[in-house]
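Source file coords32.txt; content: compact mmCIF, C-alpha atoms.
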```
# COMPACT_ATOMS: atom_id res chain seq x y z
CA MET A 1 -22.00 -20.34 -31.04
CA ASP A 2 -21.56 -24.02 -30.15
CA GLU A 3 -17.89 -23.42 -29.52
CA GLN A 4 -18.67 -20.52 -27.26
CA GLN A 5 -21.12 -22.55 -25.23
CA LYS A 6 -18.54 -25.25 -24.70
CA HIS A 7 -16.06 -22.67 -23.49
CA SER A 8 -18.47 -21.20 -21.01
CA SER A 9 -19.41 -24.60 -19.63
CA PHE A 10 -15.72 -25.40 -19.20
CA ASP A 11 -15.23 -22.13 -17.37
CA GLU A 12 -18.18 -22.94 -15.18
CA LEU A 13 -16.83 -26.38 -14.38
CA ASP A 14 -13.45 -24.89 -13.60
CA ALA A 15 -15.01 -22.41 -11.20
CA ARG A 16 -17.01 -25.15 -9.53
CA ILE A 17 -13.96 -27.35 -9.08
CA ARG A 18 -12.05 -24.45 -7.62
CA ALA A 19 -14.88 -23.61 -5.22
CA ALA A 20 -15.19 -27.23 -4.10
CA ARG A 21 -11.46 -27.49 -3.55
CA GLU A 22 -11.42 -24.30 -1.54
CA ARG A 23 -14.31 -25.51 0.57
CA GLU A 24 -12.49 -28.74 1.27
CA THR A 25 -9.33 -26.90 2.22
CA GLU A 26 -11.31 -24.65 4.52
CA GLU A 27 -12.83 -27.62 6.27
CA ALA A 28 -9.32 -28.88 6.80
CA GLY A 29 -9.96 -32.29 5.32
CA ARG A 30 -11.07 -33.83 8.59
CA ASN A 31 -13.13 -36.36 6.68
CA ASN A 32 -10.31 -37.19 4.33
CA GLU A 33 -9.25 -40.77 4.58
CA ARG A 34 -6.24 -40.81 6.84
CA ARG A 35 -4.07 -43.65 5.86
CA ASN A 36 -2.66 -45.75 8.61
CA PRO A 37 0.81 -46.69 7.44
CA SER A 38 1.73 -48.93 10.34
CA GLN A 39 1.16 -52.59 9.79
CA GLY A 40 2.22 -55.77 11.54
CA ILE A 41 5.25 -55.17 13.71
CA GLY A 42 4.83 -51.43 13.34
CA LEU A 43 1.30 -51.60 14.70
CA GLY A 44 2.38 -53.83 17.58
CA MET A 45 5.16 -51.46 18.50
CA ARG A 46 2.84 -48.51 18.24
CA LEU A 47 0.24 -50.06 20.55
CA SER A 48 2.79 -50.92 23.21
CA VAL A 49 4.33 -47.46 23.03
CA GLU A 50 0.92 -45.81 23.34
CA PHE A 51 0.03 -47.88 26.38
CA VAL A 52 3.38 -47.49 28.15
CA ALA A 53 3.45 -43.76 27.46
CA GLY A 54 0.04 -43.34 29.08
CA VAL A 55 1.07 -45.20 32.23
CA ALA A 56 4.48 -43.49 32.41
CA VAL A 57 3.02 -40.02 32.03
CA GLY A 58 0.37 -40.79 34.64
CA VAL A 59 2.93 -41.96 37.18
CA GLY A 60 5.25 -39.05 36.42
CA LEU A 61 2.45 -36.53 36.77
CA GLY A 62 1.29 -38.09 40.05
CA TYR A 63 4.81 -38.18 41.43
CA PHE A 64 5.36 -34.55 40.50
CA LEU A 65 2.07 -33.45 42.08
CA ASP A 66 2.90 -35.44 45.22
CA ARG A 67 6.22 -33.67 45.53
CA LEU A 68 4.46 -30.38 45.01
CA ILE A 69 1.77 -30.73 47.68
CA GLY A 70 3.30 -33.46 49.84
CA THR A 71 0.62 -36.11 49.69
CA ALA A 72 2.96 -38.96 48.76
CA PRO A 73 2.17 -41.56 47.64
CA TRP A 74 -1.57 -41.18 47.13
CA LEU A 75 -1.69 -39.01 44.04
CA MET A 76 0.86 -41.23 42.36
CA VAL A 77 -1.37 -44.26 42.99
CA LEU A 78 -4.40 -42.40 41.68
CA PHE A 79 -2.60 -41.17 38.60
CA LEU A 80 -1.15 -44.62 37.93
CA LEU A 81 -4.71 -45.88 37.55
CA LEU A 82 -5.78 -42.87 35.47
CA GLY A 83 -2.66 -43.25 33.36
CA GLY A 84 -3.51 -46.91 32.79
CA ALA A 85 -6.97 -45.86 31.63
CA ALA A 86 -5.50 -43.22 29.31
CA GLY A 87 -3.00 -45.76 27.95
CA VAL A 88 -5.74 -48.28 27.22
CA ALA A 89 -7.83 -45.56 25.57
CA ASN A 90 -4.88 -44.53 23.40
CA ALA A 91 -4.07 -48.11 22.41
CA TYR A 92 -7.75 -48.74 21.65
CA ARG A 93 -7.83 -45.70 19.40
CA ALA A 94 -4.69 -46.76 17.58
CA ALA A 95 -6.01 -50.30 17.11
CA LYS A 96 -9.36 -49.07 15.81
CA GLY A 97 -7.62 -46.75 13.37
CA MET A 98 -9.09 -43.57 14.85
CA ASP A 99 -7.33 -40.28 14.32
CA ALA A 100 -4.87 -39.05 16.91
CA SER A 101 -6.58 -35.82 17.90
CA VAL A 102 -7.83 -34.99 21.37
CA GLY A 103 -10.99 -36.64 22.72
CA LEU A 104 -11.92 -40.30 22.51
CA GLY A 105 -15.64 -39.56 22.11
CA ALA A 106 -15.07 -37.15 19.23
CA ALA A 107 -12.66 -39.57 17.54
CA GLN A 108 -15.24 -42.34 17.82
CA ARG A 109 -17.91 -40.16 16.28
CA ARG A 110 -15.63 -39.15 13.41
CA LEU A 111 -14.71 -42.78 12.72
CA ALA A 112 -18.40 -43.72 12.57
CA GLU A 113 -19.06 -40.82 10.18
CA ARG A 114 -16.18 -41.84 8.00
CA GLN A 115 -17.37 -45.42 7.82
CA LYS A 116 -20.89 -44.30 6.97
CA ASP A 117 -19.56 -42.17 4.12
CA LYS A 118 -17.89 -45.13 2.51
CA MET B 1 32.42 -60.08 17.83
CA ALA B 2 31.04 -56.62 17.20
CA ASN B 3 28.90 -55.20 19.95
CA PRO B 4 25.50 -54.31 18.43
CA ILE B 5 24.93 -51.28 20.64
CA GLU B 6 28.40 -49.83 20.37
CA GLN B 7 27.24 -47.84 17.32
CA PHE B 8 25.02 -45.68 19.53
CA LYS B 9 27.87 -44.49 21.70
CA ILE B 10 28.30 -40.72 21.87
CA LYS B 11 31.92 -39.69 21.56
CA PRO B 12 33.07 -36.14 22.21
CA ILE B 13 35.10 -34.81 19.30
CA ILE B 14 35.87 -31.32 20.62
CA PRO B 15 35.64 -31.51 24.43
CA LEU B 16 34.00 -28.38 25.75
CA GLU B 17 32.70 -27.36 29.13
CA ILE B 18 30.72 -24.25 30.00
CA GLY B 19 29.94 -23.57 33.64
CA GLY B 20 30.44 -27.20 34.68
CA VAL B 21 28.08 -28.44 31.97
CA ASP B 22 29.49 -30.79 29.37
CA VAL B 23 28.64 -29.25 25.99
CA SER B 24 31.22 -31.14 23.92
CA PHE B 25 30.88 -31.22 20.17
CA THR B 26 30.07 -34.91 19.67
CA ASN B 27 29.76 -37.34 16.79
CA SER B 28 26.00 -36.85 17.07
CA ALA B 29 26.42 -33.09 16.61
CA VAL B 30 28.70 -33.69 13.63
CA MET B 31 25.99 -35.72 11.93
CA MET B 32 23.41 -33.03 12.65
CA VAL B 33 25.65 -30.37 11.13
CA ILE B 34 26.29 -32.58 8.10
CA SER B 35 22.58 -33.15 7.66
CA VAL B 36 21.72 -29.46 7.94
CA VAL B 37 24.48 -28.55 5.47
CA LEU B 38 23.29 -31.25 3.05
CA ILE B 39 19.65 -30.13 3.30
CA THR B 40 20.60 -26.49 2.75
CA ALA B 41 22.86 -27.35 -0.17
CA PHE B 42 20.29 -29.65 -1.72
CA LEU B 43 17.45 -27.15 -1.49
CA THR B 44 19.34 -24.02 -2.48
CA LEU B 45 21.51 -25.44 -5.25
CA SER B 46 18.71 -27.43 -6.84
CA VAL B 47 16.41 -24.43 -7.28
CA ARG B 48 19.19 -21.98 -8.18
CA SER B 49 18.34 -22.02 -11.88
CA ARG B 50 14.63 -21.37 -11.11
CA ALA B 51 13.66 -23.08 -14.34
CA LEU B 52 10.02 -23.10 -15.36
CA VAL B 53 10.54 -26.65 -16.57
CA PRO B 54 12.39 -28.18 -13.63
CA GLY B 55 15.51 -30.21 -14.10
CA ARG B 56 16.31 -33.41 -12.27
CA TRP B 57 17.44 -31.82 -9.00
CA GLN B 58 14.86 -29.10 -9.01
CA SER B 59 12.01 -31.55 -9.47
CA MET B 60 13.34 -33.58 -6.55
CA ALA B 61 13.26 -30.52 -4.31
CA GLU B 62 9.80 -29.70 -5.65
CA VAL B 63 8.55 -33.19 -4.86
CA PHE B 64 9.46 -32.71 -1.19
CA TYR B 65 7.92 -29.25 -1.15
CA GLU B 66 4.69 -30.44 -2.75
CA PHE B 67 4.54 -33.45 -0.45
CA ILE B 68 4.73 -31.44 2.76
CA ALA B 69 2.53 -28.66 1.40
CA GLY B 70 -0.11 -31.24 0.48
CA MET B 71 0.19 -32.91 3.86
CA LEU B 72 -0.38 -29.60 5.62
CA ARG B 73 -3.30 -28.71 3.34
CA ASP B 74 -5.01 -32.07 3.92
CA ASN B 75 -4.42 -32.28 7.64
CA VAL B 76 -4.41 -28.73 8.92
CA GLY B 77 -6.19 -26.75 6.23
CA SER B 78 -5.39 -23.35 4.84
CA ALA B 79 -4.75 -21.94 8.33
CA GLY B 80 -1.72 -24.22 8.59
CA ARG B 81 0.12 -22.62 5.71
CA LYS B 82 2.12 -20.27 7.90
CA TYR B 83 3.55 -23.21 9.84
CA PHE B 84 4.92 -24.73 6.64
CA PRO B 85 8.57 -23.69 7.25
CA PHE B 86 8.65 -25.41 10.62
CA ILE B 87 6.94 -28.61 9.48
CA PHE B 88 9.12 -28.77 6.37
CA SER B 89 12.35 -28.30 8.38
CA LEU B 90 11.20 -30.95 10.83
CA PHE B 91 10.50 -33.43 8.07
CA MET B 92 13.78 -32.80 6.24
CA PHE B 93 15.82 -32.99 9.45
CA VAL B 94 14.27 -36.26 10.58
CA MET B 95 14.41 -37.79 7.13
CA PHE B 96 18.03 -36.83 6.51
CA GLY B 97 18.95 -38.08 9.99
CA ASN B 98 17.31 -41.44 9.32
CA LEU B 99 18.81 -41.79 5.86
CA LEU B 100 22.31 -40.61 6.79
CA GLY B 101 22.22 -43.22 9.54
CA MET B 102 22.01 -45.86 6.82
CA VAL B 103 25.43 -44.85 5.48
CA PRO B 104 27.87 -47.49 6.76
CA GLY B 105 29.83 -46.22 9.74
CA ALA B 106 27.67 -43.14 10.20
CA PHE B 107 25.99 -42.19 13.44
CA THR B 108 22.18 -42.04 13.56
CA TYR B 109 21.18 -39.09 15.70
CA THR B 110 17.48 -40.02 15.56
CA SER B 111 18.37 -43.24 17.43
CA HIS B 112 18.83 -41.24 20.63
CA VAL B 113 15.66 -40.68 22.59
CA ILE B 114 16.78 -37.26 23.83
CA VAL B 115 17.04 -35.96 20.27
CA THR B 116 13.60 -37.20 19.24
CA PHE B 117 12.14 -36.13 22.57
CA GLY B 118 13.63 -32.68 22.13
CA MET B 119 11.86 -32.34 18.77
CA ALA B 120 8.63 -33.81 20.13
CA ILE B 121 8.57 -31.46 23.11
CA VAL B 122 9.11 -28.46 20.83
CA VAL B 123 6.13 -29.58 18.72
CA PHE B 124 4.05 -30.22 21.84
CA THR B 125 4.76 -26.89 23.56
CA GLY B 126 4.42 -25.00 20.30
CA VAL B 127 1.06 -26.59 19.54
CA THR B 128 -0.21 -25.96 23.08
CA ILE B 129 0.84 -22.30 22.89
CA ILE B 130 -0.84 -21.92 19.50
CA GLY B 131 -4.00 -23.49 20.93
CA PHE B 132 -4.11 -21.12 23.89
CA ALA B 133 -3.22 -18.12 21.74
CA ARG B 134 -6.04 -18.82 19.31
CA HIS B 135 -8.76 -19.95 21.69
CA GLY B 136 -7.72 -18.68 25.13
CA THR B 137 -9.13 -20.67 28.02
CA HIS B 138 -11.75 -22.03 25.65
CA PHE B 139 -8.97 -24.41 24.57
CA LEU B 140 -9.45 -26.34 27.81
CA ARG B 141 -12.98 -27.27 26.72
CA MET B 142 -11.37 -29.78 24.39
CA PHE B 143 -10.61 -32.06 27.33
CA PHE B 144 -14.23 -32.64 28.18
CA PRO B 145 -16.32 -34.49 25.59
CA GLU B 146 -19.48 -32.71 24.55
CA GLY B 147 -22.70 -34.29 25.71
CA ALA B 148 -21.19 -36.40 28.48
CA PRO B 149 -22.81 -36.11 31.93
CA ILE B 150 -21.07 -33.43 33.97
CA ALA B 151 -20.44 -35.86 36.85
CA THR B 152 -18.07 -37.89 34.67
CA ALA B 153 -15.76 -34.88 34.30
CA VAL B 154 -13.88 -35.92 37.44
CA ILE B 155 -12.57 -39.01 35.72
CA LEU B 156 -12.74 -38.08 32.01
CA VAL B 157 -10.78 -34.84 32.20
CA PRO B 158 -7.71 -36.34 33.93
CA ILE B 159 -7.71 -39.24 31.47
CA GLU B 160 -7.87 -36.92 28.47
CA LEU B 161 -5.20 -34.71 30.04
CA ILE B 162 -2.84 -37.64 30.56
CA SER B 163 -3.61 -38.79 27.05
CA TYR B 164 -2.68 -35.30 25.84
CA PHE B 165 0.54 -35.21 27.86
CA SER B 166 1.58 -38.64 26.62
CA ARG B 167 1.72 -37.33 23.04
CA PRO B 168 5.33 -36.12 23.04
CA PHE B 169 6.42 -39.39 24.64
CA SER B 170 4.73 -41.65 22.13
CA LEU B 171 5.88 -39.38 19.30
CA ALA B 172 9.50 -39.47 20.50
CA VAL B 173 9.64 -43.12 21.50
CA ARG B 174 8.15 -44.31 18.24
CA LEU B 175 10.83 -42.69 16.09
CA PHE B 176 13.68 -43.53 18.46
CA ALA B 177 12.60 -47.17 18.97
CA ASN B 178 12.18 -47.81 15.26
CA MET B 179 15.62 -46.43 14.44
CA THR B 180 17.42 -48.15 17.32
CA VAL B 181 15.81 -51.54 16.73
CA GLY B 182 16.51 -51.39 13.02
CA HIS B 183 20.18 -50.59 13.51
CA ILE B 184 20.63 -53.31 16.15
CA ILE B 185 19.06 -55.88 13.81
CA LEU B 186 21.38 -54.81 11.00
CA LYS B 187 24.42 -55.10 13.23
CA VAL B 188 23.43 -58.52 14.59
CA LEU B 189 22.77 -59.86 11.10
CA GLY B 190 26.09 -58.42 9.98
CA GLY B 191 27.75 -60.34 12.81
CA PHE B 192 26.07 -63.54 11.61
CA VAL B 193 27.40 -63.01 8.11
CA VAL B 194 30.97 -62.57 9.36
CA THR B 195 31.00 -65.53 11.78
CA LEU B 196 29.12 -67.99 9.57
CA GLY B 197 30.88 -66.85 6.41
CA GLY B 198 34.27 -67.21 8.09
CA PHE B 199 33.32 -70.73 9.00
CA TYR B 200 32.39 -71.66 5.44
CA VAL B 201 31.17 -69.58 2.53
CA LEU B 202 27.79 -71.25 1.95
CA PRO B 203 26.18 -70.71 5.38
CA GLY B 204 27.26 -67.09 5.19
CA ILE B 205 25.11 -66.51 2.11
CA VAL B 206 21.82 -67.08 3.93
CA PRO B 207 22.24 -64.32 6.54
CA PHE B 208 23.76 -62.13 3.85
CA ALA B 209 20.65 -62.42 1.69
CA PHE B 210 18.55 -61.69 4.73
CA LEU B 211 20.72 -58.71 5.58
CA GLY B 212 20.16 -57.33 2.09
CA ALA B 213 16.40 -57.63 2.45
CA VAL B 214 16.42 -56.02 5.90
CA THR B 215 18.58 -53.16 4.62
CA VAL B 216 15.97 -52.36 1.97
CA LEU B 217 13.28 -52.56 4.67
CA GLU B 218 15.29 -50.18 6.85
CA PHE B 219 15.36 -47.57 4.09
CA GLY B 220 11.58 -47.88 3.92
CA ILE B 221 11.29 -47.49 7.69
CA ALA B 222 13.60 -44.47 7.64
CA LEU B 223 11.27 -42.69 5.20
CA LEU B 224 8.08 -43.96 6.84
CA GLN B 225 9.07 -42.82 10.30
CA ALA B 226 9.95 -39.35 9.07
CA TYR B 227 6.50 -39.26 7.46
CA VAL B 228 4.77 -40.51 10.62
CA PHE B 229 6.57 -37.96 12.80
CA THR B 230 5.57 -35.13 10.49
CA ILE B 231 1.98 -36.16 9.94
CA LEU B 232 1.39 -36.56 13.69
CA SER B 233 2.76 -33.05 14.19
CA CYS B 234 0.28 -31.88 11.55
CA ILE B 235 -2.61 -33.62 13.32
CA TYR B 236 -1.65 -32.05 16.64
CA LEU B 237 -1.47 -28.68 14.92
CA HIS B 238 -4.94 -29.25 13.51
CA ASP B 239 -6.27 -29.85 17.03
CA ALA B 240 -4.78 -26.60 18.27
CA ILE B 241 -6.09 -24.56 15.35
CA HIS B 242 -9.56 -25.95 14.79
CA MET B 243 -10.50 -27.60 18.09
CA HIS B 244 -13.43 -29.23 16.27
```
Please rewrite the model in this file as structure tokens.
Amino acid sequence: MDEQQKHSSFDELDARIRAARERETEEAGRNNERRNPSQGIGLGMRLSVEFVAGVAVGVGLGYFLDRLIGTAPWLMVLFLLLGGAAGVANAYRAAKGMDASVGLGAAQRRLAERQKDK
Amino acid sequence: MANPIEQFKIKPIIPLEIGGVDVSFTNSAVMMVISVVLITAFLTLSVRSRALVPGRWQSMAEVFYEFIAGMLRDNVGSAGRKYFPFIFSLFMFVMFGNLLGMVPGAFTYTSHVIVTFGMAIVVFTGVTIIGFARHGTHFLRMFFPEGAPIATAVILVPIELISYFSRPFSLAVRLFANMTVGHIILKVLGGFVVTLGGFYVLPGIVPFAFLGAVTVLEFGIALLQAYVFTILSCIYLHDAIHMH
């Protein structure tokens, strides 16, 4: 009788663990701690790359659009500034340890949630 | 004195030209073929016995499998399982490229920005296509933060778009820069050992000790950068699939 009870409680626990694990997998582990492996020189390199990539993509996009609709050089100037903003935003996110998914506002909110959980 | 960037030179081995385009089989291509052959041999031969209790080689292959499967499960969720073959190939290819580059005299194909950019752009286009296929034009909603005043869309949407387009660049440049810098440092330190050691044995020992330490560090970076490249691909895939 006692033995049987133990067995059933183990089965129950097993089922609960499985359900919890499935739930977590379904939710895609967004709240899982995402380790940030870059430290020191790696972080410095990462920040500079993020910033330069933003500016470079902005300029490239502006240049391409200028060529397309013949408004040189105004779109390139505009996109240089926007690219600078995007680069700063990316570097800020990397420095704050936010995740790399789209949307600064959403990343900020998720970081705040994660810190509250801890 | 050895030139530290000579090691990155691409040399054609079998010169080949198709329609005026140079498609020679180069030393870089040789290393890629070697790496693919090694990966295939490692993965197929190690699991050939299909033992329930894995042997040494089989458990090594299983470690890699479990590692990438776990990474996908944690970062993409169960919907990411069908992209496992791609992510796993990506990881193995980058990792073998980085590690084979550490063999003395070998060429490191991941130290060329066009190679890493090629992989990054495949990930980027693939992820964008998956996003549009799953969500249609709804996918574009991702570029405007929820709850922000509609007037700010003029400036926020272009910034988020540029931020999105800069992904393949930062992904490619990070891997390429880490590998190139590491190999240049190794070569320069090696030059120090030869010149100072030729002068007198004792001063040669100091850079040699340093070179040993940096070599160990480089192995770490080779593994870490393969991991970073793969996990970022997983995060981008997550965006496309779940869109929050």
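Of the residues under consideration (B:Ser170, B:Asn3, B:Gln225, B:Ser35), B:Ser170 shows the shortest atom-to-atom contact distance to chain A when counting only C-alpha atoms.
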query: For chain B, which residues have at least one atom within 9 Å of chain A, if we go by all atoms listed in the file? Write them as an MDAnalysis selection string, please.
result: chainID B and resid 73:79 142:146 155 158:167 169:170 173:174 177:178 224 228 232 235:236 238:239 242:244
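Separating atom CA of Ala2 of chain B from atom CA of Leu196 of chain B is a distance of 13.8 Å.
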task: Compute the distance from (22.7, -62.8, 5.7) to each atom, counting all atoms listed in the file, keep the residues with any atom at most 10 Å away, and return them as a list in words; use the coordinates of the file.
output: Leu186, Val188, Leu189, Gly190, Gly191, Phe192, Val193, Val194, Leu196, Gly197, Pro203, Gly204, Ile205, Val206, Pro207, Phe208, Ala209, Phe210, Leu211, Gly212, Ala213 and Val214 of chain B
Quick one: write out the picked residues with C-alpha atoms as a PDB file, keeping the file's coordinate frame?
```
ATOM      1  CA  LEU B 186      21.380 -54.810  11.000  1.00  0.00           C
ATOM      2  CA  VAL B 188      23.430 -58.520  14.590  1.00  0.00           C
ATOM      3  CA  LEU B 189      22.770 -59.860  11.100  1.00  0.00           C
ATOM      4  CA  GLY B 190      26.090 -58.420   9.980  1.00  0.00           C
ATOM      5  CA  GLY B 191      27.750 -60.340  12.810  1.00  0.00           C
ATOM      6  CA  PHE B 192      26.070 -63.540  11.610  1.00  0.00           C
ATOM      7  CA  VAL B 193      27.400 -63.010   8.110  1.00  0.00           C
ATOM      8  CA  VAL B 194      30.970 -62.570   9.360  1.00  0.00           C
ATOM      9  CA  LEU B 196      29.120 -67.990   9.570  1.00  0.00           C
ATOM     10  CA  GLY B 197      30.880 -66.850   6.410  1.00  0.00           C
ATOM     11  CA  PRO B 203      26.180 -70.710   5.380  1.00  0.00           C
ATOM     12  CA  GLY B 204      27.260 -67.090   5.190  1.00  0.00           C
ATOM     13  CA  ILE B 205      25.110 -66.510   2.110  1.00  0.00           C
ATOM     14  CA  VAL B 206      21.820 -67.080   3.930  1.00  0.00           C
ATOM     15  CA  PRO B 207      22.240 -64.320   6.540  1.00  0.00           C
ATOM     16  CA  PHE B 208      23.760 -62.130   3.850  1.00  0.00           C
ATOM     17  CA  ALA B 209      20.650 -62.420   1.690  1.00  0.00           C
ATOM     18  CA  PHE B 210      18.550 -61.690   4.730  1.00  0.00           C
ATOM     19  CA  LEU B 211      20.720 -58.710   5.580  1.00  0.00           C
ATOM     20  CA  GLY B 212      20.160 -57.330   2.090  1.00  0.00           C
ATOM     21  CA  ALA B 213      16.400 -57.630   2.450  1.00  0.00           C
ATOM     22  CA  VAL B 214      16.420 -56.020   5.900  1.00  0.00           C
TER      23      VAL B 214
END
```
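Picture a line from atom CA of Thr128 of chain B to atom CA of Phe84 of chain B; it runs 17.3 Å.
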- request: For atom CA of Ser111 of chain B and atom CA of Phe176 of chain B, determine how far apart the two atoms are, in Å to one decimal place.
  value: 4.8 Å
- request: Tell me, as a list in words, which residues lie within 12 Å of Phe86 of chain B, counting all atoms listed in the file; anything in the same chain fewer than 2 positions away does not count.
  value: Ile68, Ala69, Leu72, Gly80, Arg81, Lys82, Tyr83, Phe84, Phe88, Ser89, Leu90, Phe91, Met92, Phe93, Met119, Val122, Val123, Gly126, Val127, Thr230, Ser233, Cys234 and Leu237 of chain B
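Closest approach to Ala226 of chain B among B:Gly20, B:Pro54, B:Gly147, B:Gly97 is made by B:Gly97 (distances from all atoms listed in the file).
Counting only C-alpha atoms, the residue from B:Asn27, B:Tyr65, B:Ile130, B:Ser49 that sits nearest to Ile14 of chain B is B:Asn27.
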Within 8 Å of Gly62 of chain A using all atoms listed in the file, minus same-chain residues under 6 positions, as a VMD selection string: chain A and resid 75 to 80
Output requested as a short mmCIF file (atom, residue, chain, number, x, y, z; two decimals), keeping the file's coordinate frame - segment 149-172 of chain B, filled out with N, CA and C atoms.
```cif
data_model
loop_
_atom_site.label_atom_id
_atom_site.label_comp_id
_atom_site.auth_asym_id
_atom_site.auth_seq_id
_atom_site.Cartn_x
_atom_site.Cartn_y
_atom_site.Cartn_z
N PRO B 149 -22.29 -36.64 30.66
CA PRO B 149 -22.81 -36.11 31.93
C PRO B 149 -21.71 -35.39 32.69
N ILE B 150 -22.07 -34.29 33.33
CA ILE B 150 -21.07 -33.43 33.97
C ILE B 150 -20.36 -34.16 35.12
N ALA B 151 -21.03 -35.14 35.73
CA ALA B 151 -20.44 -35.86 36.85
C ALA B 151 -19.23 -36.69 36.42
N THR B 152 -19.18 -37.06 35.12
CA THR B 152 -18.07 -37.89 34.67
C THR B 152 -16.81 -37.07 34.43
N ALA B 153 -16.92 -35.75 34.56
CA ALA B 153 -15.76 -34.88 34.30
C ALA B 153 -14.60 -35.23 35.23
N VAL B 154 -14.91 -35.62 36.46
CA VAL B 154 -13.88 -35.92 37.44
C VAL B 154 -12.90 -36.96 36.91
N ILE B 155 -13.45 -37.94 36.19
CA ILE B 155 -12.57 -39.01 35.72
C ILE B 155 -12.16 -38.80 34.26
N LEU B 156 -13.05 -38.21 33.43
CA LEU B 156 -12.74 -38.08 32.01
C LEU B 156 -11.66 -37.04 31.75
N VAL B 157 -11.74 -35.91 32.47
CA VAL B 157 -10.78 -34.84 32.20
C VAL B 157 -9.34 -35.26 32.53
N PRO B 158 -9.08 -35.89 33.71
CA PRO B 158 -7.71 -36.34 33.93
C PRO B 158 -7.23 -37.35 32.89
N ILE B 159 -8.13 -38.24 32.47
CA ILE B 159 -7.71 -39.24 31.47
C ILE B 159 -7.34 -38.55 30.16
N GLU B 160 -8.18 -37.61 29.72
CA GLU B 160 -7.87 -36.92 28.47
C GLU B 160 -6.60 -36.08 28.61
N LEU B 161 -6.40 -35.52 29.81
CA LEU B 161 -5.20 -34.71 30.04
C LEU B 161 -3.95 -35.58 29.96
N ILE B 162 -4.00 -36.75 30.61
CA ILE B 162 -2.84 -37.64 30.56
C ILE B 162 -2.61 -38.10 29.13
N SER B 163 -3.71 -38.38 28.44
CA SER B 163 -3.61 -38.79 27.05
C SER B 163 -2.93 -37.69 26.22
N TYR B 164 -3.27 -36.43 26.55
CA TYR B 164 -2.68 -35.30 25.84
C TYR B 164 -1.19 -35.17 26.17
N PHE B 165 -0.86 -35.34 27.45
CA PHE B 165 0.54 -35.21 27.86
C PHE B 165 1.40 -36.37 27.38
N SER B 166 0.78 -37.49 27.06
CA SER B 166 1.58 -38.64 26.62
C SER B 166 1.97 -38.51 25.15
N ARG B 167 1.40 -37.49 24.46
CA ARG B 167 1.72 -37.33 23.04
C ARG B 167 3.21 -37.19 22.74
N PRO B 168 3.92 -36.24 23.40
CA PRO B 168 5.33 -36.12 23.04
C PRO B 168 6.11 -37.40 23.31
N PHE B 169 5.70 -38.15 24.34
CA PHE B 169 6.42 -39.39 24.64
C PHE B 169 6.22 -40.42 23.55
N SER B 170 4.94 -40.62 23.15
CA SER B 170 4.73 -41.65 22.13
C SER B 170 5.33 -41.21 20.81
N LEU B 171 5.29 -39.89 20.54
CA LEU B 171 5.88 -39.38 19.30
C LEU B 171 7.40 -39.63 19.28
N ALA B 172 8.05 -39.33 20.42
CA ALA B 172 9.50 -39.47 20.50
C ALA B 172 9.92 -40.93 20.50
#
```
